[in-house]
Amino acid sequence: MQLKCGQCGAPFRAADLHLDRGIAVCSACGSVQRLPGPITSVTPNASEATAKQKPQGDVPVPERFTVEDNGQELIVRQRWFQWGLFFLLFFAIAWDSFLVGWYSMFAGGGGPPGVFGIVFFVFPIAHVAVGVGLTYFVLAGFLNSTVVRVADGMLSVRHGPLPWRGNLDLATDGIEQIYCQNKLHSSRDDNGHTSTSMRYEVHAVVAGQQRKLLGGLQAADHALFVEQTLEKFLNIEDRAVPGEMTPD
Ligand SMILES: [Zn+2]
């Protein structure tokens with residue numbers, strides 16, 4: 001038996017299959033799917049794979065997620081908080097303290113005169129912008145949640161309480177399919193080094209158009225959990241979409 005991508009129909013390569021986690025990441029279209037269990041025919045190291053193969057069915061609720069489902073209303077909530085935020089918090093405090101110190105010197109009349117005074121004032125403006133952005137990011141990380149709510153024929157996505165982009169409203173009767181996609185996320189540090197990590201997104205197909213529901217998820221399991229929970233509540237069959245999907 002050959003395993004094929006449910007999204008674009010391309011046969012999975014060995015490198016696409018992550019048997020230990022029970023998922024496949026299609027190298028042709030980038031979609032992330034749960035493998036039908038149990039798999040025996042495509043196992044480079046079968047003993048490991050079969051030992052860890054998870055049974056198909058309900059996905060356990062991942063850490064930081066909660067689900068409320070009373071049959072009429074579904075609420076999937078993901079807290080943003082992670083322990084790594086403390087590192088960023090201390091960094092933000094150090095960064096902001098330096099800038100406050102810098103400008104309080106200036107406010108006290110301690111800055112150099114003339115053109116140097118202007119340079120003294122203007123030079124750290126970019127650092128102030130970074131400080132504001134970083135502080136907001138850290139606060140949002142501590143306070144915010146993402147809430148996906150399905151009720152009364154509408155699916156809504158809200159990030160809050162601190163405003164964040166990515167809010168969305170969709171009529172549920174237009175949703176044809178929900179699927180997961182991986183996306184290479186690159187970030188650049190102060191030294192200009194670019195590092196990449198894999199992020200996961202949940203998309204819906206509405207009238208043949210792709211709409212991103214959630215992005216930036218750190219684990220394939222998180223995206224697949226949201227997909228499966230929504231599909232179950234909305235009674236959408238997990239079927240292939242005709243036509244090729246390419247990552248944007
Ligand atoms: Zn594919």
# chains A, B, ... in the order shown; residues from 1 in each chain; ligands from 1

$ residues_around --residues "Val157 in chain A" --least-positions-apart "5" --cutoff "6 Å" --atoms "only C-alpha atoms" --output "mmCIF file with C-alpha atoms, in the first residue's frame"
data_model
loop_
_atom_site.group_PDB
_atom_site.id
_atom_site.type_symbol
_atom_site.label_atom_id
_atom_site.label_comp_id
_atom_site.auth_asym_id
_atom_site.auth_seq_id
_atom_site.Cartn_x
_atom_site.Cartn_y
_atom_site.Cartn_z
ATOM 1 C CA VAL A 147 -10.421 31.699 21.203
ATOM 2 C CA VAL A 148 -12.020 29.818 18.331
ATOM 3 C CA ASN A 167 -9.330 38.042 14.133
ATOM 4 C CA LEU A 168 -11.813 36.410 11.807
#

$ residues_near_ligand --ligand "ligand 1" --cutoff "8 Å" --atoms "only C-alpha atoms and all ligand atoms" --output "list in words"
Lys4, Cys5, Gly6, Gln7, Cys8, Gly9, Ala10, Pro11, Phe12, Val25, Cys26, Ser27, Ala28, Cys29, Gly30, Ser31, Glu244 and Met245 of chain A

$ write_last_selection --atoms "N, CA and C atoms" --output "tab-separated table (two decimals), in the first residue's frame"
chain	number	residue	atom	x	y	z
A	4	LYS	N	-0.72	8.29	0.27
A	4	LYS	CA	-0.78	9.50	-0.55
A	4	LYS	C	-1.27	10.67	0.29
A	5	CYS	N	-0.86	11.85	-0.15
A	5	CYS	CA	-1.30	13.07	0.50
A	5	CYS	C	-2.80	13.26	0.27
A	6	GLY	N	-3.55	13.47	1.34
A	6	GLY	CA	-4.98	13.69	1.21
A	6	GLY	C	-5.32	15.03	0.60
A	7	GLN	N	-4.34	15.90	0.53
A	7	GLN	CA	-4.60	17.26	0.04
A	7	GLN	C	-4.30	17.38	-1.46
A	8	CYS	N	-3.10	16.93	-1.87
A	8	CYS	CA	-2.72	17.13	-3.27
A	8	CYS	C	-2.58	15.81	-4.02
A	9	GLY	N	-2.66	14.70	-3.31
A	9	GLY	CA	-2.61	13.41	-3.98
A	9	GLY	C	-1.22	12.88	-4.28
A	10	ALA	N	-0.18	13.67	-3.95
A	10	ALA	CA	1.19	13.20	-4.20
A	10	ALA	C	1.52	12.07	-3.23
A	11	PRO	N	2.23	11.05	-3.69
A	11	PRO	CA	2.63	9.99	-2.77
A	11	PRO	C	3.62	10.54	-1.74
A	12	PHE	N	3.45	10.14	-0.49
A	12	PHE	CA	4.39	10.58	0.55
A	12	PHE	C	5.74	9.93	0.33
A	25	VAL	N	4.01	15.10	6.80
A	25	VAL	CA	4.10	16.47	6.29
A	25	VAL	C	4.45	16.34	4.81
A	26	CYS	N	3.51	16.69	3.95
A	26	CYS	CA	3.68	16.49	2.51
A	26	CYS	C	4.75	17.43	1.97
A	27	SER	N	5.77	16.88	1.32
A	27	SER	CA	6.82	17.73	0.78
A	27	SER	C	6.39	18.39	-0.52
A	28	ALA	N	5.31	17.90	-1.11
A	28	ALA	CA	4.82	18.50	-2.36
A	28	ALA	C	3.98	19.76	-2.09
A	29	CYS	N	3.09	19.70	-1.10
A	29	CYS	CA	2.18	20.84	-0.89
A	29	CYS	C	2.29	21.43	0.50
A	30	GLY	N	3.00	20.78	1.41
A	30	GLY	CA	3.20	21.35	2.74
A	30	GLY	C	2.07	21.07	3.71
A	31	SER	N	1.08	20.32	3.33
A	31	SER	CA	-0.01	20.07	4.27
A	31	SER	C	0.42	19.03	5.31
A	244	GLU	N	-4.72	21.50	-6.75
A	244	GLU	CA	-3.45	21.48	-6.02
A	244	GLU	C	-3.36	22.63	-5.03
A	245	MET	N	-2.85	22.33	-3.87
A	245	MET	CA	-2.62	23.36	-2.86
A	245	MET	C	-1.14	23.66	-2.82

$ residues_around --residues "Gly71 in chain A" --least-positions-apart "2" --cutoff "10 Å" --atoms "only C-alpha atoms" --output "JSON, numbers by chain"
{"A": [68, 69, 73, 74, 151, 233]}

$ write_last_selection --atoms "N, CA and C atoms" --output "CSV table (one decimal), in the first residue's frame"
chain,number,residue,atom,x,y,z
A,68,GLU,N,-14.5,23.6,25.3
A,68,GLU,CA,-15.9,23.5,25.8
A,68,GLU,C,-16.8,23.2,24.7
A,69,ASP,N,-17.6,22.2,24.8
A,69,ASP,CA,-18.5,21.8,23.7
A,69,ASP,C,-19.8,21.3,24.4
A,73,GLU,N,-22.6,25.0,21.1
A,73,GLU,CA,-21.5,26.0,21.1
A,73,GLU,C,-20.1,25.3,21.3
A,74,LEU,N,-19.2,25.5,20.5
A,74,LEU,CA,-17.8,25.0,20.7
A,74,LEU,C,-16.9,26.1,20.9
A,151,ALA,N,-20.7,28.9,16.9
A,151,ALA,CA,-22.0,28.9,17.4
A,151,ALA,C,-22.9,29.7,16.5
A,233,PHE,N,-17.1,18.9,15.3
A,233,PHE,CA,-18.2,19.8,15.7
A,233,PHE,C,-19.1,20.2,14.5

$ residues_around --residues "Leu162 in chain A" --least-positions-apart "2" --cutoff "12 Å" --atoms "only C-alpha atoms" --output "list of chain:residue names"
A:Trp80, A:Tyr136, A:Phe137, A:Val138, A:Leu139, A:Ala140, A:Gly141, A:Phe142, A:Leu143, A:Asn144, A:Ser145, A:Thr146, A:Arg158, A:His159, A:Gly160, A:Trp164, A:Arg165

$ atom_distance --atom1 "CA of Glu176 in chain A" --atom2 "CA of Glu63 in chain A"
28.3 Å

$ closest_residue --among "A:Gln2, A:Thr172, A:Thr135, A:Ser97" --to "Gly153 in chain A" --atoms "only C-alpha atoms"
A:Thr172

$ residues_around --residues "range 204-209 of chain A" --least-positions-apart "4" --cutoff "6 Å" --atoms "only C-alpha atoms" --output "mmCIF file with C-alpha atoms, in the first residue's frame"
data_model
loop_
_atom_site.group_PDB
_atom_site.id
_atom_site.type_symbol
_atom_site.label_atom_id
_atom_site.label_comp_id
_atom_site.auth_asym_id
_atom_site.auth_seq_id
_atom_site.Cartn_x
_atom_site.Cartn_y
_atom_site.Cartn_z
ATOM 1 C CA GLY A 174 -19.592 27.968 3.622
ATOM 2 C CA ILE A 175 -16.789 25.896 5.124
ATOM 3 C CA GLU A 176 -16.027 22.993 2.809
ATOM 4 C CA GLN A 177 -12.871 21.689 4.391
ATOM 5 C CA ILE A 178 -10.398 22.347 7.163
#

$ closest_residue --among "A:Leu89, A:Met105, A:Ile236, A:Leu184" --to "Ser197 in chain A" --atoms "only C-alpha atoms"
A:Leu184

$ select_by_dssp --residues "range 68-187 of chain A" --states "helix (DSSP H, G or I)" --output "PyMOL selection string"
chain A and resi 85-107+114-122+125-143+172-174

$ select_by_dssp --residues "range 14-247 of chain A" --states "strand (DSSP E or B)" --output "short mmCIF file (atom, residue, chain, number, x, y, z; two decimals) with N, CA and C atoms, in the first residue's frame"
data_model
loop_
_atom_site.label_atom_id
_atom_site.label_comp_id
_atom_site.auth_asym_id
_atom_site.auth_seq_id
_atom_site.Cartn_x
_atom_site.Cartn_y
_atom_site.Cartn_z
N LEU A 17 7.16 11.15 6.35
CA LEU A 17 6.43 10.41 7.39
C LEU A 17 7.14 10.53 8.73
N HIS A 18 6.41 10.95 9.71
CA HIS A 18 6.93 11.00 11.08
C HIS A 18 6.12 10.00 11.89
N ILE A 23 2.17 11.41 12.19
CA ILE A 23 1.77 12.45 11.24
C ILE A 23 2.62 12.37 9.98
N ALA A 24 2.14 13.02 8.93
CA ALA A 24 2.90 13.16 7.70
C ALA A 24 2.88 14.63 7.29
N VAL A 25 4.01 15.10 6.80
CA VAL A 25 4.10 16.47 6.29
C VAL A 25 4.45 16.34 4.81
N SER A 31 1.08 20.32 3.33
CA SER A 31 -0.01 20.07 4.27
C SER A 31 0.42 19.03 5.31
N VAL A 32 -0.17 19.15 6.48
CA VAL A 32 0.16 18.29 7.62
C VAL A 32 -1.05 17.41 7.90
N GLN A 33 -0.84 16.12 7.95
CA GLN A 33 -1.96 15.20 8.14
C GLN A 33 -1.65 14.14 9.16
N ARG A 34 -2.69 13.67 9.80
CA ARG A 34 -2.55 12.53 10.69
C ARG A 34 -2.57 11.27 9.85
N PHE A 65 -4.29 24.14 25.78
CA PHE A 65 -5.59 24.19 25.11
C PHE A 65 -6.69 23.77 26.07
N THR A 66 -7.87 24.39 25.93
CA THR A 66 -9.05 23.89 26.61
C THR A 66 -10.19 23.86 25.59
N VAL A 67 -11.11 22.95 25.82
CA VAL A 67 -12.25 22.80 24.91
C VAL A 67 -13.54 22.77 25.71
N GLU A 68 -14.52 23.56 25.28
CA GLU A 68 -15.87 23.48 25.83
C GLU A 68 -16.80 23.19 24.66
N ASP A 69 -17.59 22.15 24.81
CA ASP A 69 -18.51 21.76 23.75
C ASP A 69 -19.81 21.30 24.39
N LEU A 74 -19.17 25.55 20.49
CA LEU A 74 -17.82 24.99 20.69
C LEU A 74 -16.85 26.14 20.95
N ILE A 75 -16.08 25.99 22.01
CA ILE A 75 -15.06 27.00 22.29
C ILE A 75 -13.72 26.29 22.48
N VAL A 76 -12.78 26.59 21.60
CA VAL A 76 -11.42 26.06 21.73
C VAL A 76 -10.54 27.25 22.10
N ARG A 77 -9.90 27.13 23.25
CA ARG A 77 -9.10 28.24 23.74
C ARG A 77 -7.64 27.80 23.88
N GLN A 78 -6.74 28.64 23.40
CA GLN A 78 -5.31 28.38 23.59
C GLN A 78 -4.67 29.55 24.31
N ARG A 79 -4.14 29.26 25.47
CA ARG A 79 -3.38 30.30 26.18
C ARG A 79 -2.05 30.50 25.48
N SER A 145 -5.06 35.04 25.01
CA SER A 145 -5.48 33.72 24.56
C SER A 145 -6.05 33.87 23.16
N THR A 146 -6.06 32.76 22.45
CA THR A 146 -6.79 32.71 21.19
C THR A 146 -8.03 31.87 21.42
N VAL A 147 -9.16 32.41 21.02
CA VAL A 147 -10.42 31.70 21.20
C VAL A 147 -11.06 31.46 19.84
N VAL A 148 -11.26 30.19 19.52
CA VAL A 148 -12.02 29.82 18.33
C VAL A 148 -13.40 29.39 18.82
N ARG A 149 -14.42 30.09 18.34
CA ARG A 149 -15.78 29.81 18.82
C ARG A 149 -16.66 29.49 17.62
N VAL A 150 -17.42 28.42 17.75
CA VAL A 150 -18.39 28.07 16.73
C VAL A 150 -19.76 28.04 17.38
N ALA A 151 -20.66 28.90 16.91
CA ALA A 151 -22.03 28.92 17.42
C ALA A 151 -22.89 29.72 16.46
N MET A 154 -21.78 30.61 12.92
CA MET A 154 -20.59 31.41 12.67
C MET A 154 -19.38 30.79 13.37
N LEU A 155 -18.24 30.89 12.70
CA LEU A 155 -16.98 30.52 13.32
C LEU A 155 -16.19 31.82 13.50
N SER A 156 -15.77 32.07 14.73
CA SER A 156 -14.99 33.29 14.96
C SER A 156 -13.66 32.95 15.61
N VAL A 157 -12.66 33.73 15.28
CA VAL A 157 -11.34 33.61 15.90
C VAL A 157 -11.02 34.96 16.54
N ARG A 158 -10.71 34.94 17.83
CA ARG A 158 -10.39 36.18 18.54
C ARG A 158 -9.09 36.02 19.32
N HIS A 159 -8.22 37.02 19.18
CA HIS A 159 -6.99 37.06 19.97
C HIS A 159 -7.13 38.21 20.96
N GLY A 160 -6.92 37.96 22.23
CA GLY A 160 -7.08 39.05 23.19
C GLY A 160 -6.74 38.61 24.60
N LEU A 168 -11.15 36.94 13.00
CA LEU A 168 -11.81 36.41 11.81
C LEU A 168 -13.24 35.99 12.12
N ASP A 169 -14.14 36.18 11.17
CA ASP A 169 -15.50 35.65 11.26
C ASP A 169 -15.86 34.95 9.96
N LEU A 170 -16.38 33.75 10.06
CA LEU A 170 -16.76 32.98 8.87
C LEU A 170 -18.12 32.33 9.11
N ALA A 171 -18.96 32.34 8.09
CA ALA A 171 -20.20 31.56 8.17
C ALA A 171 -19.85 30.08 8.02
N ILE A 175 -18.07 26.59 4.92
CA ILE A 175 -16.79 25.90 5.12
C ILE A 175 -16.85 24.50 4.51
N GLU A 176 -16.01 24.28 3.51
CA GLU A 176 -16.03 22.99 2.81
C GLU A 176 -15.03 22.01 3.41
N GLN A 177 -13.95 22.57 3.95
CA GLN A 177 -12.87 21.69 4.39
C GLN A 177 -11.98 22.46 5.34
N ILE A 178 -11.39 21.74 6.27
CA ILE A 178 -10.40 22.35 7.16
C ILE A 178 -9.15 21.49 7.07
N TYR A 179 -8.00 22.12 6.92
CA TYR A 179 -6.77 21.33 6.80
C TYR A 179 -5.62 22.09 7.44
N CYS A 180 -4.53 21.37 7.65
CA CYS A 180 -3.35 21.95 8.29
C CYS A 180 -2.22 22.08 7.28
N GLN A 181 -1.41 23.08 7.52
CA GLN A 181 -0.33 23.39 6.59
C GLN A 181 0.90 23.73 7.42
N ASN A 182 2.07 23.31 6.94
CA ASN A 182 3.27 23.75 7.65
C ASN A 182 3.86 24.96 6.95
N LYS A 183 4.61 25.73 7.69
CA LYS A 183 5.18 26.94 7.12
C LYS A 183 6.52 27.19 7.79
N LEU A 184 7.52 27.44 6.96
CA LEU A 184 8.85 27.73 7.50
C LEU A 184 8.85 29.16 8.04
N HIS A 185 9.17 29.28 9.31
CA HIS A 185 9.16 30.58 9.97
C HIS A 185 10.60 31.00 10.17
N SER A 186 11.00 32.14 9.61
CA SER A 186 12.38 32.56 9.81
C SER A 186 12.41 33.82 10.64
N SER A 187 13.40 33.88 11.52
CA SER A 187 13.56 35.07 12.34
C SER A 187 15.03 35.45 12.34
N ARG A 188 15.28 36.74 12.52
CA ARG A 188 16.64 37.24 12.45
C ARG A 188 17.00 37.85 13.80
N THR A 194 20.04 34.38 10.72
CA THR A 194 18.66 33.99 10.47
C THR A 194 18.48 32.54 10.90
N SER A 195 17.47 32.33 11.72
CA SER A 195 17.18 30.97 12.12
C SER A 195 15.77 30.62 11.65
N THR A 196 15.57 29.38 11.33
CA THR A 196 14.26 28.96 10.85
C THR A 196 13.69 27.88 11.75
N SER A 197 12.39 27.92 11.89
CA SER A 197 11.72 26.86 12.62
C SER A 197 10.39 26.60 11.91
N MET A 198 9.85 25.42 12.14
CA MET A 198 8.62 25.05 11.47
C MET A 198 7.42 25.51 12.30
N ARG A 199 6.50 26.17 11.67
CA ARG A 199 5.24 26.57 12.32
C ARG A 199 4.09 25.92 11.57
N TYR A 200 2.95 25.85 12.23
CA TYR A 200 1.81 25.17 11.64
C TYR A 200 0.59 26.09 11.61
N GLU A 201 -0.19 25.95 10.55
CA GLU A 201 -1.37 26.79 10.37
C GLU A 201 -2.59 25.91 10.16
N VAL A 202 -3.74 26.45 10.52
CA VAL A 202 -5.01 25.77 10.23
C VAL A 202 -5.76 26.64 9.23
N HIS A 203 -6.13 26.04 8.13
CA HIS A 203 -6.84 26.75 7.08
C HIS A 203 -8.23 26.16 6.88
N ALA A 204 -9.12 27.00 6.36
CA ALA A 204 -10.42 26.51 5.92
C ALA A 204 -10.53 26.78 4.43
N VAL A 205 -11.29 25.94 3.76
CA VAL A 205 -11.61 26.21 2.36
C VAL A 205 -13.06 26.69 2.32
N VAL A 206 -13.25 27.91 1.84
CA VAL A 206 -14.57 28.52 1.76
C VAL A 206 -14.80 28.93 0.32
N GLN A 209 -11.88 29.02 -1.82
CA GLN A 209 -10.78 29.90 -1.42
C GLN A 209 -10.23 29.47 -0.07
N GLN A 210 -8.88 29.61 0.06
CA GLN A 210 -8.25 29.29 1.34
C GLN A 210 -8.36 30.48 2.29
N ARG A 211 -8.77 30.21 3.51
CA ARG A 211 -8.76 31.24 4.55
C ARG A 211 -7.97 30.72 5.73
N LYS A 212 -7.00 31.50 6.18
CA LYS A 212 -6.21 31.07 7.33
C LYS A 212 -7.00 31.31 8.60
N LEU A 213 -7.21 30.26 9.39
CA LEU A 213 -7.92 30.42 10.67
C LEU A 213 -6.93 30.74 11.78
N LEU A 214 -5.87 29.95 11.86
CA LEU A 214 -4.85 30.13 12.89
C LEU A 214 -3.48 29.98 12.27
N GLY A 215 -2.52 30.72 12.77
CA GLY A 215 -1.14 30.58 12.30
C GLY A 215 -0.19 30.56 13.48
N GLY A 216 1.06 30.26 13.20
CA GLY A 216 2.09 30.34 14.22
C GLY A 216 2.05 29.25 15.27
N LEU A 217 1.28 28.18 15.04
CA LEU A 217 1.25 27.10 16.02
C LEU A 217 2.59 26.35 16.01
#
